[in-house]
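Everything below belongs to input.pdb, which stores PDB, C-alpha atoms, pLDDT in the B column.
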```pdb
ATOM      1  CA  MET A   1      35.868 -71.359 -32.709  1.00 45.00           C
ATOM      2  CA  CYS A   2      36.751 -68.134 -30.908  1.00 48.00           C
ATOM      3  CA  ILE A   3      35.786 -64.832 -32.509  1.00 58.00           C
ATOM      4  CA  GLY A   4      38.502 -63.636 -34.864  1.00 81.00           C
ATOM      5  CA  LEU A   5      40.406 -66.915 -34.916  1.00 90.00           C
ATOM      6  CA  ARG A   6      40.677 -69.108 -38.001  1.00 93.00           C
ATOM      7  CA  LYS A   7      41.531 -72.792 -38.248  1.00 95.00           C
ATOM      8  CA  TYR A   8      44.965 -73.749 -39.558  1.00 97.00           C
ATOM      9  CA  LEU A   9      46.433 -77.156 -40.279  1.00 97.00           C
ATOM     10  CA  PHE A  10      50.036 -77.561 -39.126  1.00 98.00           C
ATOM     11  CA  TYR A  11      52.074 -80.170 -41.022  1.00 98.00           C
ATOM     12  CA  PHE A  12      55.248 -81.216 -39.204  1.00 97.00           C
ATOM     13  CA  ALA A  13      58.425 -83.039 -40.162  1.00 95.00           C
ATOM     14  CA  ASN A  14      58.625 -86.547 -38.718  1.00 92.00           C
ATOM     15  CA  GLU A  15      61.774 -85.825 -36.718  1.00 91.00           C
ATOM     16  CA  HIS A  16      62.042 -84.464 -33.156  1.00 90.00           C
ATOM     17  CA  THR A  17      58.382 -85.037 -32.311  1.00 94.00           C
ATOM     18  CA  GLU A  18      58.952 -84.199 -28.632  1.00 94.00           C
ATOM     19  CA  PHE A  19      60.250 -80.755 -29.650  1.00 95.00           C
ATOM     20  CA  ARG A  20      57.176 -79.660 -31.656  1.00 96.00           C
ATOM     21  CA  LEU A  21      54.892 -78.408 -28.899  1.00 96.00           C
ATOM     22  CA  PRO A  22      57.530 -76.506 -26.893  1.00 97.00           C
ATOM     23  CA  GLU A  23      58.842 -74.943 -30.106  1.00 98.00           C
ATOM     24  CA  ILE A  24      55.417 -73.750 -31.308  1.00 98.00           C
ATOM     25  CA  LYS A  25      54.470 -72.443 -27.850  1.00 97.00           C
ATOM     26  CA  ALA A  26      57.761 -70.530 -27.603  1.00 98.00           C
ATOM     27  CA  ILE A  27      57.400 -68.975 -31.060  1.00 98.00           C
ATOM     28  CA  ALA A  28      53.772 -67.985 -30.409  1.00 98.00           C
ATOM     29  CA  SER A  29      54.851 -66.430 -27.111  1.00 98.00           C
ATOM     30  CA  LEU A  30      57.748 -64.599 -28.775  1.00 98.00           C
ATOM     31  CA  PHE A  31      55.407 -62.944 -31.288  1.00 98.00           C
ATOM     32  CA  LYS A  32      52.515 -62.627 -28.775  1.00 98.00           C
ATOM     33  CA  ILE A  33      50.283 -64.729 -31.030  1.00 98.00           C
ATOM     34  CA  PRO A  34      47.191 -66.214 -29.366  1.00 96.00           C
ATOM     35  CA  LEU A  35      47.164 -69.903 -30.190  1.00 95.00           C
ATOM     36  CA  LYS A  36      44.330 -72.319 -29.409  1.00 96.00           C
ATOM     37  CA  TRP A  37      44.575 -76.022 -30.156  1.00 96.00           C
ATOM     38  CA  VAL A  38      41.437 -77.502 -31.741  1.00 94.00           C
ATOM     39  CA  GLU A  39      42.645 -80.964 -30.768  1.00 90.00           C
ATOM     40  CA  GLU A  40      45.282 -81.908 -28.217  1.00 90.00           C
ATOM     41  CA  PRO A  41      48.666 -82.051 -30.019  1.00 92.00           C
ATOM     42  CA  SER A  42      49.990 -85.580 -30.500  1.00 91.00           C
ATOM     43  CA  ASN A  43      52.853 -87.401 -32.217  1.00 91.00           C
ATOM     44  CA  GLU A  44      50.931 -87.286 -35.505  1.00 94.00           C
ATOM     45  CA  PRO A  45      52.367 -84.937 -38.163  1.00 96.00           C
ATOM     46  CA  PHE A  46      49.094 -82.972 -38.530  1.00 96.00           C
ATOM     47  CA  TRP A  47      47.730 -80.647 -35.845  1.00 97.00           C
ATOM     48  CA  LEU A  48      44.742 -78.299 -35.918  1.00 97.00           C
ATOM     49  CA  ALA A  49      44.997 -74.906 -34.270  1.00 97.00           C
ATOM     50  CA  GLU A  50      43.254 -71.552 -34.318  1.00 97.00           C
ATOM     51  CA  LEU A  51      45.241 -68.418 -35.109  1.00 98.00           C
ATOM     52  CA  PRO A  52      44.171 -64.789 -35.628  1.00 97.00           C
ATOM     53  CA  SER A  53      45.552 -64.393 -39.165  1.00 95.00           C
ATOM     54  CA  GLU A  54      47.603 -65.714 -42.042  1.00 94.00           C
ATOM     55  CA  GLU A  55      50.380 -63.365 -40.946  1.00 96.00           C
ATOM     56  CA  SER A  56      50.467 -65.157 -37.576  1.00 98.00           C
ATOM     57  CA  ALA A  57      50.867 -68.487 -39.368  1.00 98.00           C
ATOM     58  CA  ARG A  58      53.674 -67.022 -41.490  1.00 97.00           C
ATOM     59  CA  LEU A  59      55.510 -65.710 -38.429  1.00 98.00           C
ATOM     60  CA  ILE A  60      55.334 -69.089 -36.692  1.00 98.00           C
ATOM     61  CA  ALA A  61      56.464 -70.934 -39.827  1.00 98.00           C
ATOM     62  CA  SER A  62      59.321 -68.465 -40.378  1.00 98.00           C
ATOM     63  CA  ARG A  63      60.941 -69.383 -37.048  1.00 97.00           C
ATOM     64  CA  SER A  64      60.054 -73.065 -36.800  1.00 98.00           C
ATOM     65  CA  VAL A  65      62.412 -75.910 -37.678  1.00 97.00           C
ATOM     66  CA  SER A  66      59.761 -78.609 -37.266  1.00 96.00           C
ATOM     67  CA  VAL A  67      56.908 -77.107 -39.323  1.00 97.00           C
ATOM     68  CA  ARG A  68      56.808 -78.057 -42.989  1.00 97.00           C
ATOM     69  CA  ARG A  69      53.600 -76.195 -43.840  1.00 97.00           C
ATOM     70  CA  ILE A  70      50.781 -74.284 -42.206  1.00 97.00           C
ATOM     71  CA  VAL A  71      47.631 -73.992 -44.302  1.00 96.00           C
ATOM     72  CA  HIS A  72      44.378 -72.159 -43.679  1.00 94.00           C
ATOM     73  CA  LEU A  73      41.614 -74.735 -43.343  1.00 92.00           C
ATOM     74  CA  TRP A  74      38.621 -73.348 -45.244  1.00 90.00           C
ATOM     75  CA  ALA A  75      36.184 -76.089 -44.260  1.00 87.00           C
ATOM     76  CA  SER A  76      35.899 -79.541 -42.732  1.00 87.00           C
ATOM     77  CA  ALA A  77      32.957 -81.912 -42.561  1.00 88.00           C
ATOM     78  CA  SER A  78      32.149 -85.593 -42.397  1.00 92.00           C
ATOM     79  CA  LYS A  79      29.747 -85.381 -45.369  1.00 94.00           C
ATOM     80  CA  VAL A  80      30.573 -84.042 -48.831  1.00 95.00           C
ATOM     81  CA  SER A  81      27.313 -82.079 -48.970  1.00 93.00           C
ATOM     82  CA  ASP A  82      28.172 -80.313 -45.684  1.00 91.00           C
ATOM     83  CA  LEU A  83      31.645 -79.516 -46.990  1.00 92.00           C
ATOM     84  CA  HIS A  84      30.194 -78.002 -50.176  1.00 90.00           C
ATOM     85  CA  ASN A  85      27.772 -75.887 -48.147  1.00 91.00           C
ATOM     86  CA  GLN A  86      30.576 -74.573 -45.935  1.00 88.00           C
ATOM     87  CA  LEU A  87      32.649 -73.659 -48.978  1.00 89.00           C
ATOM     88  CA  LYS A  88      29.685 -71.963 -50.676  1.00 89.00           C
ATOM     89  CA  ASP A  89      29.187 -69.837 -47.547  1.00 88.00           C
ATOM     90  CA  GLN A  90      32.780 -68.600 -47.926  1.00 83.00           C
ATOM     91  CA  GLU A  91      32.678 -68.056 -51.678  1.00 82.00           C
ATOM     92  CA  GLN A  92      33.546 -64.344 -51.554  1.00 82.00           C
ATOM     93  CA  SER A  93      36.482 -64.782 -49.180  1.00 81.00           C
ATOM     94  CA  ILE A  94      38.109 -67.623 -51.168  1.00 81.00           C
ATOM     95  CA  LYS A  95      37.265 -66.368 -54.667  1.00 81.00           C
ATOM     96  CA  PRO A  96      40.505 -64.306 -55.006  1.00 79.00           C
ATOM     97  CA  PHE A  97      42.535 -67.515 -54.701  1.00 78.00           C
ATOM     98  CA  PHE A  98      41.000 -68.822 -57.921  1.00 80.00           C
ATOM     99  CA  SER A  99      41.667 -65.843 -60.188  1.00 78.00           C
ATOM    100  CA  PRO A 100      43.648 -66.404 -63.418  1.00 80.00           C
ATOM    101  CA  ASN A 101      46.705 -64.608 -61.994  1.00 77.00           C
ATOM    102  CA  LYS A 102      47.105 -66.986 -59.026  1.00 68.00           C
ATOM    103  CA  THR A 103      49.167 -70.166 -58.900  1.00 62.00           C
TER     104      THR A 103
END
```

What is this file in structure tokens?
Amino acid sequence: MCIGLRKYLFYFANEHTEFRLPEIKAIASLFKIPLKWVEEPSNEPFWLAELPSEESARLIASRSVSVRRIVHLWASASKVSDLHNQLKDQEQSIKPFFSPNKT
């Protein structure tokens, strides 16, 4: 992962699959958002990308007709123990999302 970039999971609608990549590239260019694909985009509805911030994800989602959701990916691993360790390493940064006043 590049310095300053975070992983985000893009979830797309199942329609207009050929339009997804040009649309996302155009929106990222419009807002001058650096976008790096973790995996080559495909016809699948889930894509992984790296973005500089949550605000960047919000800007892309605000202009996209094909994106259903963009979520910050806190961790990913092939073993549960590795996943737990990754999440424990981020405890302070994700703790605010689990406060009583959050939904």

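For the pair atom CA of Leu5 of chain A and atom CA of Glu54 of chain A, the separation is 10.2 Å.
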
Please measure the separation of atom CA of Asn101 of chain A and atom CA of Leu87 of chain A, giving the value in Å to one decimal. 21.2 Å

Quick one: pull the distance between atom CA of Ala26 of chain A and atom CA of Leu73 of chain A, Å, one decimal. 22.9 Å

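Shortest separation to Glu23 of chain A among A:Arg63, A:Lys88, A:Lys36, A:Lys7 occurs at residue A:Arg63, atoms counted being all atoms listed in the file.
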
Can you build me a table of segment 2-87 of chain A residues sitting at most 12 Å from segment 91-94 of chain A, with the closest atom pair per residue and its distance in Å to one decimal, using all atoms listed in the file, sorted by chain and residue number, as a tab-separated table?
```
residue	atom	partner	partner_atom	distance
A:His72	CA	A:Ile94	CA	10.8
A:Leu73	CA	A:Ile94	CA	11.1
A:Trp74	CA	A:Ile94	CA	8.3
A:Ala75	CA	A:Ile94	CA	11.1
A:His84	CA	A:Glu91	CA	10.4
A:Asn85	CA	A:Glu91	CA	9.9
A:Gln86	CA	A:Glu91	CA	8.9
A:Leu87	CA	A:Glu91	CA	6.2
```

Neighbouring residues of Glu50 of chain A were defined as those with any atom within 9 Å, considering all atoms listed in the file; residues of the same chain fewer than 5 positions away were excluded. Please report them as a PyMOL selection string. chain A and resi 1-2+5-9+34-38

What's around Pro45 of chain A at 12 Å? Count only C-alpha atoms, leave out sequence neighbours fewer than 3 positions away in its own chain, and write the answer as JSON, numbers by chain. {"A": [9, 10, 11, 12, 13, 14, 15, 16, 17, 18, 20, 21, 41, 42, 48, 66, 67, 68, 69, 70]}

Step by step, gather every atom of segment 7-16 of chain A that the file lists, find the box along x, y and z that holds them, add 6 Å on each side, and finally give centre and edge lengths in Å to one decimal, as JSON.
```
{"center_x": 51.8, "center_y": -79.7, "center_z": -37.1, "size_x": 32.5, "size_y": 25.8, "size_z": 19.9}
```
